[in-house]
Structures are given as structure tokens and as C-alpha cells.
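Chemist: Just structure06.csv, nothing more (CSV, C-alpha atoms and all ligand atoms):
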chain,number,residue,atom,x,y,z
A,1,MET,CA,11.7,-10.5,-107.2
A,2,SER,CA,13.4,-10.9,-103.9
A,3,SER,CA,11.4,-11.6,-100.8
A,4,LEU,CA,14.1,-10.2,-98.6
A,5,ALA,CA,13.3,-6.9,-97.1
A,6,LYS,CA,15.2,-4.0,-98.6
A,7,ASN,CA,17.5,-3.2,-95.7
A,8,TYR,CA,20.6,-3.9,-97.9
A,9,ASN,CA,21.6,-2.4,-101.2
A,10,ARG,CA,23.1,-5.6,-102.5
A,11,LYS,CA,25.5,-5.9,-105.4
A,12,LYS,CA,24.0,-8.2,-108.1
A,13,ILE,CA,26.4,-11.0,-107.6
A,14,ALA,CA,26.3,-14.4,-105.8
A,15,PHE,CA,28.9,-17.0,-105.3
A,16,THR,CA,28.9,-20.8,-105.5
A,17,LYS,CA,32.3,-21.5,-104.1
A,18,GLY,CA,35.1,-20.0,-102.0
A,19,LYS,CA,38.6,-21.1,-101.5
A,20,GLY,CA,41.2,-19.2,-99.4
A,21,SER,CA,41.3,-15.6,-100.6
A,22,PHE,CA,39.1,-16.3,-103.7
A,23,LEU,CA,35.4,-16.4,-104.4
A,24,TYR,CA,33.8,-17.9,-107.5
A,25,SER,CA,30.6,-16.3,-108.8
A,26,ILE,CA,27.6,-18.1,-110.3
A,27,ASN,CA,28.6,-16.9,-113.8
A,28,GLY,CA,32.0,-18.5,-113.4
A,29,LYS,CA,34.2,-15.5,-112.6
A,30,LYS,CA,37.0,-15.6,-110.0
A,31,TYR,CA,37.3,-12.8,-107.5
A,32,LEU,CA,40.0,-11.9,-105.0
A,33,ASP,CA,37.9,-11.5,-101.9
A,34,PHE,CA,39.4,-8.8,-99.7
A,35,VAL,CA,36.2,-8.3,-97.8
A,36,GLN,CA,36.0,-11.8,-96.3
A,37,GLY,CA,32.6,-11.2,-94.9
A,38,ILE,CA,33.9,-8.0,-93.3
A,39,ALA,CA,36.8,-9.3,-91.3
A,40,VAL,CA,34.9,-12.5,-90.5
A,41,ASN,CA,36.7,-15.3,-92.5
A,42,SER,CA,40.0,-14.8,-90.7
A,43,LEU,CA,41.4,-17.9,-92.3
A,44,GLY,CA,39.8,-17.5,-95.7
A,45,HIS,CA,37.1,-19.5,-97.4
A,46,ALA,CA,36.6,-23.2,-96.9
A,47,ASN,CA,39.6,-23.6,-94.7
A,48,PRO,CA,40.2,-27.4,-94.4
A,49,TYR,CA,41.2,-27.2,-90.7
A,50,LEU,CA,37.9,-25.4,-89.8
A,51,ILE,CA,35.8,-27.7,-92.0
A,52,LYS,CA,37.3,-30.6,-90.0
A,53,ALA,CA,36.5,-29.0,-86.7
A,54,LEU,CA,33.0,-28.2,-87.7
A,55,THR,CA,32.2,-31.6,-89.3
A,56,ASN,CA,33.7,-33.5,-86.4
A,57,GLN,CA,31.6,-31.6,-83.9
A,58,ALA,CA,28.5,-31.8,-86.0
A,59,LYS,CA,28.7,-35.6,-85.8
A,60,LYS,CA,28.8,-35.4,-82.1
A,61,VAL,CA,26.6,-32.7,-80.5
A,62,TRP,CA,24.9,-29.8,-82.3
A,63,HIS,CA,23.3,-27.9,-79.5
A,64,VAL,CA,22.9,-28.1,-75.7
A,65,SER,CA,21.2,-25.7,-73.4
A,66,ASN,CA,23.4,-23.5,-71.2
A,67,ALA,CA,21.5,-25.3,-68.4
A,68,PHE,CA,24.1,-28.0,-68.9
A,69,GLN,CA,27.9,-28.2,-69.1
A,70,ILE,CA,29.3,-27.5,-72.6
A,71,PRO,CA,32.9,-28.7,-72.7
A,72,GLU,CA,33.7,-27.0,-76.1
A,73,GLY,CA,32.6,-23.7,-74.5
A,74,GLU,CA,34.7,-24.4,-71.4
A,75,ARG,CA,37.7,-25.1,-73.6
A,76,LEU,CA,37.3,-22.0,-75.7
A,77,ALA,CA,36.8,-19.7,-72.7
A,78,LYS,CA,39.9,-21.2,-71.1
A,79,ARG,CA,41.9,-20.6,-74.2
A,80,LEU,CA,40.7,-17.0,-74.5
A,81,THR,CA,41.6,-16.3,-70.9
A,82,GLN,CA,45.0,-17.9,-71.1
A,83,LYS,CA,45.9,-15.8,-74.1
A,84,THR,CA,44.5,-12.4,-73.0
A,85,PHE,CA,43.9,-10.0,-70.2
A,86,ALA,CA,40.5,-11.7,-69.4
A,87,ASP,CA,39.5,-13.9,-66.5
A,88,TYR,CA,36.0,-14.7,-67.6
A,89,VAL,CA,34.0,-15.0,-70.8
A,90,ILE,CA,30.3,-15.0,-71.7
A,91,PHE,CA,29.4,-16.3,-75.2
A,92,GLN,CA,27.0,-14.6,-77.5
A,93,ASN,CA,26.2,-15.0,-81.2
A,94,SER,CA,27.1,-11.7,-82.8
A,95,GLY,CA,29.0,-8.5,-82.3
A,96,THR,CA,26.1,-6.3,-81.3
A,97,GLU,CA,25.1,-8.9,-78.7
A,98,ALA,CA,28.7,-8.8,-77.4
A,99,THR,CA,28.7,-5.0,-77.1
A,100,GLU,CA,25.3,-5.1,-75.4
A,101,ALA,CA,26.6,-7.8,-73.0
A,102,ALA,CA,29.7,-5.5,-72.3
A,103,ILE,CA,27.4,-2.7,-71.4
A,104,LYS,CA,25.4,-5.0,-69.1
A,105,VAL,CA,28.6,-6.3,-67.4
A,106,ALA,CA,29.7,-2.7,-66.7
A,107,ARG,CA,26.4,-1.6,-65.3
A,108,ARG,CA,26.0,-4.8,-63.3
A,109,TYR,CA,29.4,-4.3,-61.7
A,110,PHE,CA,28.6,-0.9,-60.3
A,111,TYR,CA,25.2,-2.2,-59.2
A,112,SER,CA,26.8,-5.1,-57.4
A,113,ILE,CA,29.2,-2.8,-55.5
A,114,GLY,CA,26.3,-0.6,-54.3
A,115,GLN,CA,26.6,2.2,-56.9
A,116,PRO,CA,23.6,1.6,-59.2
A,117,LYS,CA,23.5,5.3,-60.3
A,118,LYS,CA,26.9,4.9,-61.9
A,119,ASN,CA,25.4,3.5,-65.1
A,120,ARG,CA,26.1,5.8,-68.1
A,121,ILE,CA,28.4,4.7,-70.9
A,122,LEU,CA,30.6,7.3,-72.6
A,123,CYS,CA,31.2,6.5,-76.3
A,124,VAL,CA,32.6,8.1,-79.5
A,125,LYS,CA,30.2,10.0,-81.7
A,126,ASN,CA,29.6,8.1,-85.0
A,127,SER,CA,31.2,5.0,-83.8
A,128,PHE,CA,29.8,1.5,-84.5
A,129,HIS,CA,28.8,-1.0,-81.8
A,130,GLY,CA,26.1,-2.8,-83.7
A,131,ARG,CA,22.4,-2.5,-84.6
A,132,THR,CA,20.3,-3.4,-81.6
A,133,ILE,CA,18.3,-0.7,-80.0
A,134,ALA,CA,20.8,0.0,-77.3
A,135,ALA,CA,23.8,-0.4,-79.6
A,136,ILE,CA,22.6,2.2,-82.1
A,137,TYR,CA,22.2,4.8,-79.4
A,138,ALA,CA,25.6,3.8,-78.0
A,139,SER,CA,27.1,4.4,-81.5
A,140,GLY,CA,25.7,8.0,-81.5
A,141,ASN,CA,25.1,8.0,-85.2
A,142,LYS,CA,22.0,9.8,-86.4
A,143,LYS,CA,21.7,7.7,-89.6
A,144,MET,CA,21.4,4.6,-87.5
A,145,THR,CA,19.0,5.9,-84.9
A,146,GLU,CA,16.6,7.8,-87.2
A,147,GLY,CA,13.1,6.4,-86.9
A,148,PHE,CA,13.9,4.1,-84.0
A,149,GLY,CA,12.9,6.3,-81.1
A,150,PRO,CA,12.3,6.7,-78.3
A,151,LYS,CA,15.9,7.5,-77.6
A,152,VAL,CA,17.6,5.0,-75.3
A,153,ASP,CA,19.1,6.9,-72.4
A,154,GLY,CA,22.3,6.0,-70.7
A,155,PHE,CA,24.9,7.0,-73.4
A,156,ASP,CA,27.0,10.1,-73.6
A,157,HIS,CA,29.3,11.0,-76.5
A,158,PHE,CA,32.5,12.8,-77.3
A,159,THR,CA,34.1,13.5,-80.6
A,160,PHE,CA,37.0,11.2,-81.7
A,161,GLY,CA,40.3,13.0,-80.8
A,162,ASP,CA,38.6,15.6,-78.6
A,163,HIS,CA,40.5,15.0,-75.3
A,164,LYS,CA,39.0,18.0,-73.5
A,165,GLY,CA,35.5,17.0,-74.6
A,166,LEU,CA,36.1,13.5,-73.3
A,167,LYS,CA,37.2,14.7,-69.9
A,168,LYS,CA,34.3,17.1,-69.7
A,169,ALA,CA,31.8,14.4,-70.5
A,170,ILE,CA,32.8,12.2,-67.6
A,171,THR,CA,30.4,12.7,-64.6
A,172,ASN,CA,29.9,10.8,-61.4
A,173,LYS,CA,27.3,8.8,-63.2
A,174,THR,CA,29.7,7.5,-65.8
A,175,ALA,CA,30.3,3.7,-65.5
A,176,ALA,CA,32.5,3.1,-68.5
A,177,ILE,CA,34.2,4.5,-71.5
A,178,MET,CA,33.5,2.3,-74.6
A,179,VAL,CA,35.5,2.8,-77.7
A,180,GLU,CA,36.6,0.8,-80.8
A,181,THR,CA,40.4,0.4,-80.5
A,182,ILE,CA,40.3,0.9,-84.3
A,183,MET,CA,37.1,2.4,-85.7
A,184,GLY,CA,36.0,0.1,-88.5
A,185,GLU,CA,32.8,1.3,-90.0
A,186,GLY,CA,33.8,4.8,-89.0
A,187,GLY,CA,36.7,4.8,-91.5
A,188,ILE,CA,39.6,2.8,-90.1
A,189,LYS,CA,40.5,5.4,-87.5
A,190,VAL,CA,43.2,4.2,-85.2
A,191,ILE,CA,43.4,5.3,-81.5
A,192,PRO,CA,47.1,5.8,-81.0
A,193,ASP,CA,48.9,3.9,-78.2
A,194,TRP,CA,49.4,7.1,-76.2
A,195,CYS,CA,45.7,7.8,-76.3
A,196,LEU,CA,44.8,4.3,-75.2
A,197,LYS,CA,47.3,4.8,-72.3
A,198,GLY,CA,45.6,8.1,-71.5
A,199,LEU,CA,42.1,6.5,-71.6
A,200,ARG,CA,43.3,3.8,-69.1
A,201,LYS,CA,44.7,6.5,-66.8
A,202,ILE,CA,41.5,8.6,-66.8
A,203,CYS,CA,39.5,5.4,-66.1
A,204,ASN,CA,41.7,4.6,-63.2
A,205,GLN,CA,41.6,8.1,-61.8
A,206,LYS,CA,37.8,8.3,-62.1
A,207,LYS,CA,37.3,4.7,-61.1
A,208,ILE,CA,35.4,3.8,-64.2
A,209,LEU,CA,35.7,0.9,-66.6
A,210,LEU,CA,37.4,0.7,-69.9
A,211,ILE,CA,35.5,-1.2,-72.6
A,212,LEU,CA,37.5,-1.8,-75.9
A,213,ASP,CA,35.2,-3.0,-78.7
A,214,GLU,CA,37.5,-5.4,-80.7
A,215,VAL,CA,34.6,-6.9,-82.7
A,216,GLN,CA,36.3,-5.8,-86.0
A,217,CYS,CA,39.9,-5.1,-85.1
A,218,GLY,CA,40.5,-8.1,-82.8
A,219,ILE,CA,41.4,-11.7,-83.4
A,220,GLY,CA,44.8,-11.2,-85.0
A,221,ARG,CA,43.7,-8.7,-87.6
A,222,SER,CA,46.1,-6.0,-86.3
A,223,GLY,CA,49.0,-8.4,-86.1
A,224,ASN,CA,48.4,-8.9,-82.4
A,225,PHE,CA,45.6,-11.0,-81.1
A,226,PHE,CA,44.0,-7.8,-79.8
A,227,ALA,CA,44.7,-4.4,-81.3
A,228,PHE,CA,45.2,-2.8,-77.9
A,229,GLU,CA,48.0,-5.2,-76.9
A,230,LYS,CA,50.6,-3.1,-78.7
A,231,SER,CA,49.9,-0.3,-76.2
A,232,LYS,CA,50.3,-2.6,-73.2
A,233,VAL,CA,47.0,-1.2,-71.9
A,234,LYS,CA,44.7,-3.6,-70.1
A,235,PRO,CA,41.0,-3.0,-70.6
A,236,ASP,CA,38.3,-4.2,-68.2
A,237,ILE,CA,35.8,-5.5,-70.7
A,238,VAL,CA,36.2,-6.5,-74.4
A,239,PRO,CA,33.5,-7.6,-76.8
A,240,ILE,CA,34.6,-9.8,-79.7
A,241,ALA,CA,32.8,-11.5,-82.7
A,242,LYS,CA,33.5,-11.3,-86.4
A,243,GLY,CA,37.0,-13.0,-86.8
A,244,ILE,CA,36.8,-15.4,-83.9
A,245,GLY,CA,34.4,-17.8,-85.6
A,246,GLY,CA,36.2,-17.7,-88.9
A,247,GLY,CA,32.8,-17.5,-90.6
A,248,PHE,CA,30.7,-19.4,-88.1
A,249,PRO,CA,28.5,-17.0,-86.1
A,250,ILE,CA,29.8,-16.4,-82.6
A,251,GLY,CA,30.4,-13.5,-80.3
A,252,ALA,CA,31.7,-13.1,-76.8
A,253,VAL,CA,32.4,-10.6,-74.0
A,254,LEU,CA,35.7,-11.0,-72.2
A,255,MET,CA,36.1,-9.4,-68.7
A,256,ASN,CA,38.5,-9.3,-65.9
A,257,LYS,CA,37.9,-10.7,-62.4
A,258,LYS,CA,36.8,-7.4,-60.9
A,259,THR,CA,34.0,-6.7,-63.4
A,260,ALA,CA,32.8,-10.3,-63.5
A,261,SER,CA,31.9,-10.0,-59.8
A,262,GLY,CA,28.4,-8.7,-60.8
A,263,ILE,CA,27.7,-11.7,-62.9
A,264,VAL,CA,25.7,-14.3,-60.9
A,265,PRO,CA,23.2,-17.0,-62.1
A,266,GLY,CA,20.3,-15.5,-63.9
A,267,VAL,CA,21.6,-12.0,-64.7
A,268,HIS,CA,22.4,-12.7,-68.4
A,269,GLY,CA,21.9,-15.5,-70.9
A,270,SER,CA,21.5,-16.6,-74.4
A,271,THR,CA,19.9,-19.7,-76.0
A,272,PHE,CA,22.5,-20.1,-78.7
A,273,GLY,CA,25.5,-18.5,-76.9
A,274,GLY,CA,28.3,-21.0,-76.5
A,275,ASN,CA,26.9,-23.5,-79.1
A,276,PRO,CA,29.2,-26.5,-79.5
A,277,ASN,CA,29.6,-26.1,-83.2
A,278,ALA,CA,30.4,-22.4,-82.9
A,279,CYS,CA,32.9,-23.0,-80.1
A,280,SER,CA,34.6,-25.9,-81.9
A,281,VAL,CA,35.2,-23.8,-85.0
A,282,ALA,CA,36.4,-20.9,-82.9
A,283,LEU,CA,38.8,-23.2,-81.1
A,284,ALA,CA,40.2,-24.2,-84.5
A,285,VAL,CA,40.6,-20.5,-85.4
A,286,MET,CA,42.5,-20.0,-82.1
A,287,ASP,CA,44.7,-23.0,-82.9
A,288,GLN,CA,45.7,-21.5,-86.2
A,289,ILE,CA,46.2,-17.9,-85.0
A,290,PHE,CA,48.4,-18.9,-82.1
A,291,LYS,CA,50.5,-21.3,-84.3
A,292,LYS,CA,54.2,-20.2,-84.0
A,293,GLY,CA,54.9,-17.4,-86.5
A,294,PHE,CA,51.3,-16.8,-87.6
A,295,LEU,CA,50.9,-13.3,-86.1
A,296,THR,CA,54.5,-12.4,-86.9
A,297,ASN,CA,53.6,-13.2,-90.5
A,298,VAL,CA,50.5,-11.0,-90.3
A,299,LYS,CA,52.7,-8.2,-89.1
A,300,LYS,CA,55.3,-8.8,-91.8
A,301,ILE,CA,53.0,-9.3,-94.8
A,302,SER,CA,50.8,-6.3,-93.8
A,303,LYS,CA,53.9,-4.1,-93.5
A,304,TYR,CA,54.6,-5.0,-97.1
A,305,PHE,CA,51.0,-4.3,-98.1
A,306,HIS,CA,51.0,-0.9,-96.4
A,307,TYR,CA,54.3,-0.1,-98.1
A,308,GLU,CA,53.0,-1.0,-101.6
A,309,LEU,CA,49.7,0.9,-101.0
A,310,ASN,CA,51.6,4.0,-99.9
A,311,LYS,CA,53.7,3.7,-103.1
A,312,ILE,CA,50.4,3.9,-105.1
A,313,ARG,CA,49.3,6.8,-103.0
A,314,ASN,CA,52.4,8.6,-103.9
A,315,GLU,CA,51.9,7.9,-107.6
A,316,TYR,CA,48.3,9.1,-107.4
A,317,PRO,CA,48.2,11.7,-104.6
A,318,HIS,CA,45.2,13.4,-106.2
A,319,ILE,CA,43.1,10.2,-105.9
A,320,ILE,CA,44.2,8.6,-102.6
A,321,LYS,CA,44.4,10.9,-99.6
A,322,GLU,CA,45.6,8.4,-97.0
A,323,VAL,CA,46.4,4.8,-96.3
A,324,ARG,CA,45.0,4.0,-92.9
A,325,GLY,CA,44.9,1.2,-90.5
A,326,VAL,CA,47.0,-1.4,-88.7
A,327,GLY,CA,47.9,-4.9,-89.9
A,328,LEU,CA,45.3,-6.3,-92.3
A,329,LEU,CA,42.7,-3.8,-91.2
A,330,ILE,CA,43.3,-1.4,-94.0
A,331,GLY,CA,41.6,1.7,-95.3
A,332,LEU,CA,42.2,3.6,-98.5
A,333,GLN,CA,40.8,7.1,-98.0
A,334,LEU,CA,39.9,8.8,-101.3
A,335,PHE,CA,39.4,12.5,-101.8
A,336,LYS,CA,36.0,11.8,-103.4
A,337,ASP,CA,33.1,9.4,-102.8
A,338,GLN,CA,34.5,5.9,-103.1
A,339,THR,CA,31.5,4.1,-104.6
A,340,ASN,CA,32.7,4.3,-108.2
A,341,PHE,CA,36.2,3.2,-107.3
A,342,ILE,CA,34.9,0.1,-105.4
A,343,GLN,CA,32.8,-0.8,-108.5
A,344,LYS,CA,35.9,-0.4,-110.7
A,345,LEU,CA,37.9,-2.7,-108.4
A,346,MET,CA,35.1,-5.2,-108.6
A,347,ASP,CA,35.0,-5.0,-112.4
A,348,ASN,CA,38.7,-6.0,-112.2
A,349,LYS,CA,37.8,-8.9,-109.9
A,350,LEU,CA,38.9,-7.4,-106.5
A,351,LEU,CA,36.2,-7.2,-103.8
A,352,THR,CA,36.5,-4.5,-101.2
A,353,ILE,CA,34.0,-2.7,-99.0
A,354,ARG,CA,33.2,0.9,-98.0
A,355,ALA,CA,33.6,2.6,-94.7
A,356,ALA,CA,32.8,6.2,-93.6
A,357,GLU,CA,34.9,9.2,-94.7
A,358,ASN,CA,35.3,8.0,-98.3
A,359,VAL,CA,37.3,5.0,-97.1
A,360,ILE,CA,37.7,1.7,-99.0
A,361,ARG,CA,38.2,-1.1,-96.6
A,362,ILE,CA,40.6,-3.8,-97.5
A,363,LEU,CA,40.3,-6.9,-95.4
A,364,PRO,CA,42.2,-10.0,-96.7
A,365,PRO,CA,42.2,-13.2,-94.7
A,366,LEU,CA,45.0,-13.3,-92.2
A,367,ASN,CA,46.7,-16.1,-94.0
A,368,VAL,CA,46.7,-14.2,-97.3
A,369,LYS,CA,49.6,-15.0,-99.6
A,370,LYS,CA,52.1,-12.4,-100.9
A,371,LYS,CA,51.2,-13.2,-104.5
A,372,GLU,CA,47.5,-12.4,-103.7
A,373,ILE,CA,48.6,-9.1,-102.2
A,374,ASP,CA,50.6,-8.4,-105.3
A,375,LEU,CA,47.5,-9.2,-107.5
A,376,SER,CA,45.4,-6.7,-105.5
A,377,ILE,CA,48.2,-4.1,-105.8
A,378,LYS,CA,48.2,-4.6,-109.5
A,379,ILE,CA,44.4,-4.1,-109.7
A,380,ILE,CA,44.4,-1.1,-107.5
A,381,ARG,CA,47.2,0.5,-109.5
A,382,LYS,CA,45.3,-0.2,-112.7
A,383,VAL,CA,42.1,1.3,-111.4
A,384,CYS,CA,44.0,4.4,-110.3
A,385,LYS,CA,45.5,4.7,-113.7
A,386,GLU,CA,42.1,4.6,-115.4
A,387,TYR,CA,40.3,6.7,-112.8
A,388,LYS,CA,39.1,10.2,-113.6
A,401,LIG,C1,30.5,-5.4,-86.8
A,401,LIG,C2,30.7,-4.7,-85.5
A,401,LIG,C3,29.7,-4.8,-84.5
A,401,LIG,C4,28.4,-5.5,-84.7
A,401,LIG,O1,28.6,-6.9,-85.0
A,401,LIG,P1,27.4,-7.7,-85.6
A,401,LIG,O2,27.9,-9.1,-85.6
A,401,LIG,O3,27.1,-7.2,-87.0
A,401,LIG,O4,26.2,-7.5,-84.7
A,401,LIG,C5,30.0,-4.2,-83.3
A,401,LIG,N1,31.1,-3.5,-83.1
A,401,LIG,C6,32.1,-3.3,-84.1
A,401,LIG,C7,33.3,-2.5,-83.8
A,401,LIG,C8,31.9,-3.9,-85.3
A,401,LIG,O5,32.7,-3.7,-86.3
Any chance you could give the structure as C-alpha cells?
Ligand SMILES: *Cc1c(COP(=O)(O)O)cnc(C)c1O
Modeler:
Amino acid sequence: MSSLAKNYNRKKIAFTKGKGSFLYSINGKKYLDFVQGIAVNSLGHANPYLIKALTNQAKKVWHVSNAFQIPEGERLAKRLTQKTFADYVIFQNSGTEATEAAIKVARRYFYSIGQPKKNRILCVKNSFHGRTIAAIYASGNKKMTEGFGPKVDGFDHFTFGDHKGLKKAITNKTAAIMVETIMGEGGIKVIPDWCLKGLRKICNQKKILLILDEVQCGIGRSGNFFAFEKSKVKPDIVPIAKGIGGGFPIGAVLMNKKTASGIVPGVHGSTFGGNPNACSVALAVMDQIFKKGFLTNVKKISKYFHYELNKIRNEYPHIIKEVRGVGLLIGLQLFKDQTNFIQKLMDNKLLTIRAAENVIRILPPLNVKKKEIDLSIKIIRKVCKEYK
């Protein structure tokens, strides 16, 4: 019997080996892994370049307190700011810590300019920003907050797509709007570019900050380094995690110069945040993602994938309602509960994972090969054919 507490309903399968897009189970079966730790292994399993980065670093320095200089963290922060809107970075260890840090940066900014009462964060109802006490109340999802009272104050909500409701919910106490550029757990719901532009405009008009949670959709998954880049919108604060470590735990909050002005020694910290091993692996991930042609290829191959998935949708319009998403952040929305379908895919050696709204999430590594996509298409078509 497992000594792990029962907070997960785990599938009865474990793996001994991973390589690229594939996982090998204890009982010798080979699976095409289109979960990749939920958009975490951006370069697949056991990537040789990442292994080298980790083992090289592990032989030098494992951990140093943030009381000292950490050159690997300096380098990663420099790279992140050179490649994005950001001027400054704080390292964390996970996505929820990154979103919490984003909230703290926003509040601290208004505090530092003498407006401490401007401290409320406006979020989308049933979004996902992580599992800490503050993040569950930010997410505004009853299933996540149930039993964890008292309620954490400081968060207001509007419904996805409800522009009037959004405008009405902004008060003179609103410090920031925080949304996922593409809702991941919520069912791969994309905020269109014109809405991102609208959000930026409202934030400018009301003098509030725009936080775009790119923990799941960022780090190349959309075909751009950040999913918001396509819209040309510049956010103020962006939490990241998942894909940046390529499988090694690391999170970070990126911010522009203005919002960083509230961050002075002592206001925030983390024992493990900026760990040399984590930063070295993340630097290696950045090396690969910014290699010439890498993101162009993500765009190209994902276009092919979406096209093939839409072909299946057209063949089985009574099973698949919609193909959602951008780049390699893909959702297959079914008409019915998706549990059974996911199991059938797994029986056929394709691993996928659920999201809200009957969605099956498909998250290949960003360096996925065309023939692996073709294999997944074959399996999905087969399951559709046999599905009742
Ligand atoms: C996964 C996720 C988080 C939480 O990340 P953890 O590493 O699980 O804490 C936060 N925001 C979004 C959008 C996510 O997808």
C-alpha cells in the first residue's frame, strides 16, 4: 500500500526510462508521451544537452545561499531580460511560487509609490495560478478552495470573455489584472490578440498593472518564447515555471523596470530560488529554444499537427467538438467527458492529460518529430473509429 497521501488519483503505471518523446514502462511497454510532465520537459526526456549542463554543474557547485553571488542565476536572468520585455527577474522553484511573487511585486509597487490601498488583483473565474493558499483564491475555483478557508481577501473575478464584467470589476483599489495568456488547466482557452491589446489599454487607462501568467503557455510552447508576443502587447509582470527548467524544478517572475522599483533587499526571498543546478539547466533550455530555426519549427510542425487534428475532427464531428490552442499547447475538446477517451489513447500507447471543459490536452516536447506526430494522429484516429 502506498504511503503517499491520496491527493492524486494516479494511473497504475510507472516508468523506468525516457528518451525524447517516449517513455518506457516498468513492464516493458513504450509510450508516446504527449504530456511531458504537463508542458515541463520542453526538450523531451533525457535530452543529452541538458544532461551535460546538469552534470557539469553538479560537479562544481550544487547550492549557494542567495546571501552570495550566484553567477549561473546572473547569466540566466541576463538571458531572460535580453530575450523578453523584462528588466529584472526573481527566481523561485515552481509555478505557484512564481504567481505569488507576481502578486507580491504588483502590491509592493503600489506600496512603494505611496498607494498601499491599491492592492487588489483582478483574475478570471476558474483560472489556474497554482495551489498555495493565495493562488487558489486568485484562481477563483470553488473546487480548489473548498475546505481551505478562511477566504484570502484581495482577489476579484470576472468571467472569461465578459468584457463588460471586467470593466465593472475594476475599482480604485485594483492593482493589477492577472490572466493566463492561454488558460491551460481551464481547457486551453486562448485570449485573442485583440483582447490582450484591450487589456493593455484598460490597464494603461486605469494605471494598473498587467500580469500575464505564462507558467504553462510560455517558453516556446506557443511558437513564440511567450504566447503574448504575437499580440505585440507588453505586460508588466510575467510568472514562468514549467518549461523553463526542461524537467528540473525552477520558476521565476519577470518584471519591467517600473514594477521592480518596489523590490528592495529583504522584501522577498527563497532558499532554493536561483539554485545553480536549476539555473544551469534552464540556461541550456534557453540555448536550445533560441537556436536558429527552433521556434520557426515549433510554428511549422504545430501548424501541421493542428491541420491533421482538424481533419480527424471533420471525420468524427460527433466526437470531437473543437481543436483548441496555439502551437504545441493543444486541446481536443470532446462533446462528452474525456476520461474514457484518454484511457483508450493510453491503451494504444499515447499519453495525454485532461483539462476542464472535456478537453484532452496534447503537449508534445517542442522538439517533437513529424513521424511522432504522425504516430499520435494514427492512434487518435483509431480511438475515434472504435469510440462509441
Ligand atoms: C501549472 C501552473 C501553475 C502552477 O505551477 P506549479 O509548478 O504546479 O506550482 C500556475 N499557473 C499556471 C498557468 C499553470 O499552468
Chemist: Can you tell me which residues surround Leu295 in chain A at a distance of at most 7 Å, considering all atoms listed in the file, apart from same-chain residues fewer than 3 positions away, and format the answer as a list of chain:residue names?
Modeler: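 Near neighbours after the sequence-gap exclusion: A:Gly220, A:Gly223, A:Asn224, A:Ile289, A:Val298, A:Lys299.
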Chemist: For Lys311 in chain A, which residue among A:Arg79, A:His63, A:Glu100, A:Ile380 is the nearest when counting all atoms listed in the file?
Modeler: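 The shortest atom-to-atom distance to Lys311 in chain A comes from A:Ile380.
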Chemist: For a quick check of understanding, using all atoms listed in the file, which of A:Leu166, A:Ile360, A:Ile263, A:Met346 has the smallest distance to Phe110 in chain A?
Modeler: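 Checking each of A:Leu166, A:Ile360, A:Ile263, A:Met346 against Phe110 in chain A, counting all atoms listed in the file, the winner is A:Ile263.
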Chemist: Residues contacting ligand LIG 401 (chain A) - anything with an atom at most 6 Å away, using only C-alpha atoms and all ligand atoms - can you give me those as a count of residues only?
Modeler: 12
Chemist: Counting only C-alpha atoms, what is within 12 Å of His45 in chain A, bar same-chain residues fewer than 2 positions away, as number ranges by chain?
Modeler: A: 15-24, 32-37, 39-43, 47-51, 246-248, 364-368
Chemist: May I have the residues within 7 Å of range 272-284 of chain A as a list of chain:residue names, using only C-alpha atoms and disregarding those fewer than 3 positions away in the same chain?
Modeler: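 Counting only C-alpha atoms, the residues come to A:Tyr49, A:Leu50, A:Ala53, A:Leu54, A:Gln57, A:Ala58, A:Val61, A:Trp62, A:His63, A:Val64, A:Ile70, A:Glu72, A:Gly73, A:Leu76, A:Phe91, A:Gln92, A:Asn93, A:Ile244, A:Gly245, A:Gly246, A:Phe248, A:Pro249, A:Ile250, A:Asp287, A:Gln288.
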Chemist: Quote the spacing between CA of Ile319 in chain A and CA of Ser376 in chain A in Å to one decimal place.
Modeler: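 So the two atoms, CA of Ile319 in chain A and CA of Ser376 in chain A, lie 17.1 Å apart.
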Chemist: From the list A:Lys206, A:Leu345, A:Lys143, A:Ile191, which residue is nearest Asp162 in chain A when using all atoms listed in the file?
Modeler: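 Smallest distance to Asp162 in chain A is found for A:Ile191.
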Chemist: So, counting only C-alpha atoms, which residue among A:Ser231, A:Ala14, A:Ala355, A:Lys300 is closest to Lys369 in chain A?
Modeler: A:Lys300
